[in-house]
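Written below as structure tokens is the structure these notes are about.
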Amino acid sequence: MKKLIAAFLALCMMMTACAALATGFQNDWSVLPDDDETGETSVMMDYTATVEQYADALATKADGYMDDEYAATLPDSVRMALDAAEVGFVLKDLDGDGHAELIVMAKDPDNAFLNNMVLTVLTHDGTEGHVVLESAERSRYYYAGDNLFAYEGSNGADDSTVTTYALENGQLTDLHTETPDTAYQSMETESLMPTQE
């Protein structure tokens, strides 16, 4: 538990320092609620665990230690991140409900499949975090601005779904409309890629 708390505090300090260095970067961990007198929050722990899972997998690949057995233990969204040129995250209250969402996004201008793909979105209700959406191999989300997420899903060549979801009060609502891929947008994110030494 002490190691987890130390890692949590180190990550918070790193995030604060990085946010201060990045022009216009708005990750504000203070928007997350405290649920006890120590300042620990279960929401912070949920968000931090997600960020760490991506960062650890990307570092493992960069170090040359990725093998099929390890990769099989990872969620689809994390496995897809391993092929992106850039993976980053941002804390942003997308739906204006007063609760900051954690958005993890892939960027790769040379790969239309991965470019601007939203890998994971978590939100919280003030006490605990939960997954709003998570991309998978045949179930992909892209940010389309204004709290909208374009969805491309497939259960095979003859069974595809393309729709748009709105994020409202921490939930997705199907708008039953198609968003063209030209409307997919990027967000300014903090990189999760390992640094080259």
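Residues are referred to by chain and number: the chain letter is A, B, ... according to the order shown in the structure tokens, the number counts from 1 in that chain, and ligands are numbered separately from 1 in the order shown.
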Need to verify the contact set: segment 145-156 of chain A, 7 Å, only C-alpha atoms, exclusion of same-chain residues closer than 4 positions in sequence. Can you return it as an mmCIF file with N, CA and C atoms, in the first residue's frame?
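So result-v7.cif came out as:
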data_model
loop_
_atom_site.group_PDB
_atom_site.id
_atom_site.type_symbol
_atom_site.label_atom_id
_atom_site.label_comp_id
_atom_site.auth_asym_id
_atom_site.auth_seq_id
_atom_site.Cartn_x
_atom_site.Cartn_y
_atom_site.Cartn_z
ATOM 1 N N LEU A 94 -15.631 16.935 -20.414
ATOM 2 C CA LEU A 94 -16.191 17.009 -21.766
ATOM 3 C C LEU A 94 -17.660 17.387 -21.790
ATOM 4 N N ASP A 95 -18.430 16.855 -20.843
ATOM 5 C CA ASP A 95 -19.883 17.051 -20.902
ATOM 6 C C ASP A 95 -20.387 18.157 -19.982
ATOM 7 N N ARG A 138 -12.462 -4.375 -33.224
ATOM 8 C CA ARG A 138 -13.611 -4.189 -34.119
ATOM 9 C C ARG A 138 -14.671 -3.275 -33.507
ATOM 10 N N SER A 139 -14.238 -2.420 -32.627
ATOM 11 C CA SER A 139 -15.151 -1.518 -31.934
ATOM 12 C C SER A 139 -14.372 -0.265 -31.566
ATOM 13 N N ARG A 140 -14.387 0.724 -32.474
ATOM 14 C CA ARG A 140 -13.486 1.869 -32.325
ATOM 15 C C ARG A 140 -14.267 3.168 -32.161
ATOM 16 N N TYR A 141 -13.701 4.048 -31.330
ATOM 17 C CA TYR A 141 -14.295 5.367 -31.085
ATOM 18 C C TYR A 141 -13.313 6.459 -31.508
ATOM 19 N N SER A 160 -21.833 -4.322 -39.936
ATOM 20 C CA SER A 160 -21.087 -3.169 -39.452
ATOM 21 C C SER A 160 -22.039 -2.124 -38.882
ATOM 22 N N THR A 161 -21.549 -1.392 -37.905
ATOM 23 C CA THR A 161 -22.318 -0.322 -37.285
ATOM 24 C C THR A 161 -21.485 0.947 -37.294
ATOM 25 N N VAL A 162 -22.097 2.028 -37.749
ATOM 26 C CA VAL A 162 -21.466 3.337 -37.696
ATOM 27 C C VAL A 162 -22.503 4.273 -37.098
ATOM 28 N N THR A 163 -22.140 4.915 -35.985
ATOM 29 C CA THR A 163 -23.075 5.824 -35.332
ATOM 30 C C THR A 163 -22.290 6.882 -34.562
ATOM 31 N N THR A 164 -22.998 7.786 -33.956
ATOM 32 C CA THR A 164 -22.384 8.835 -33.140
ATOM 33 C C THR A 164 -23.032 8.817 -31.765
ATOM 34 N N TYR A 165 -22.200 8.919 -30.739
ATOM 35 C CA TYR A 165 -22.670 8.982 -29.361
ATOM 36 C C TYR A 165 -22.374 10.355 -28.779
ATOM 37 N N ALA A 166 -23.272 10.842 -27.961
ATOM 38 C CA ALA A 166 -23.043 12.070 -27.199
ATOM 39 C C ALA A 166 -22.755 11.674 -25.758
ATOM 40 N N LEU A 167 -21.780 12.323 -25.153
ATOM 41 C CA LEU A 167 -21.486 12.106 -23.740
ATOM 42 C C LEU A 167 -22.276 13.129 -22.944
ATOM 43 N N THR A 179 -21.073 10.157 -38.361
ATOM 44 C CA THR A 179 -20.119 11.259 -38.398
ATOM 45 C C THR A 179 -19.040 10.913 -39.417
ATOM 46 N N GLN A 185 -11.417 14.488 -34.562
ATOM 47 C CA GLN A 185 -10.523 15.509 -34.037
ATOM 48 C C GLN A 185 -9.509 14.933 -33.068
#
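The residue that comes closest to Val118 of chain A, out of A:Tyr70, A:Tyr47, A:Phe89, A:Tyr142 and on the basis of only C-alpha atoms, is A:Tyr142.
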Inset, instruction - For His130 of chain A, work out the shell of residues within 10 Å, counting only C-alpha atoms and skipping chain neighbours fewer than 4 positions away, then give it as a count of residues only. - result: 10
Inset, instruction - With a distance cut-off of 9 Å and only C-alpha atoms, select the neighbouring residues of Asp76 of chain A, excluding the residue or stretch itself and same-chain residues fewer than 3 positions from it, and output the selection as a ChimeraX atom specification. - result: /A:72,79-81,119,134-137
Store the residues picked out above, limited to C-alpha atoms, as a tab-separated table (two decimals), in the first residue's frame.
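Full text of result.tsv as output:
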chain	number	residue	atom	x	y	z
A	72	ALA	CA	-2.57	-11.38	-24.13
A	79	ARG	CA	-2.78	-3.63	-27.24
A	80	MET	CA	-3.90	-1.25	-30.01
A	81	ALA	CA	-1.97	1.59	-28.36
A	119	LEU	CA	-8.76	4.32	-26.66
A	134	GLU	CA	-13.12	1.59	-24.59
A	135	SER	CA	-12.02	0.88	-28.14
A	136	ALA	CA	-11.30	-2.64	-29.30
A	137	GLU	CA	-10.13	-4.21	-32.57
Legend entry - Among listed residues A:Leu102, A:Leu74, A:Leu133, A:Met187, nearest Thr48 of chain A (using only C-alpha atoms): A:Leu102
Inset, instruction - Quick one: pick out all strand (DSSP E) residues within segment 31-194 of chain A from a backbone DSSP run and write them as a VMD selection string. - result: chain A and resid 86 to 92 101 to 107 117 to 124 129 to 134 139 to 143 148 to 154 160 to 168 171 to 174 190 to 191
Inset, instruction - Write out as a count of residues only all residues of segment 29-125 of chain A that DSSP puts in alpha helix (DSSP H) for this structure's backbone. - result: 31
Inset, instruction - Would you please work out which residue, of A:Ala84, A:Ala144, A:Val51, A:Ala59, is nearest to Asp108 of chain A when using only C-alpha atoms? - result: A:Ala84
Legend entry - Long-range neighbours of Thr189 of chain A as a PyMOL selection string, 8 Å cut-off, only C-alpha atoms, 5 positions minimum in chain: chain A and resi 25+88-90+105
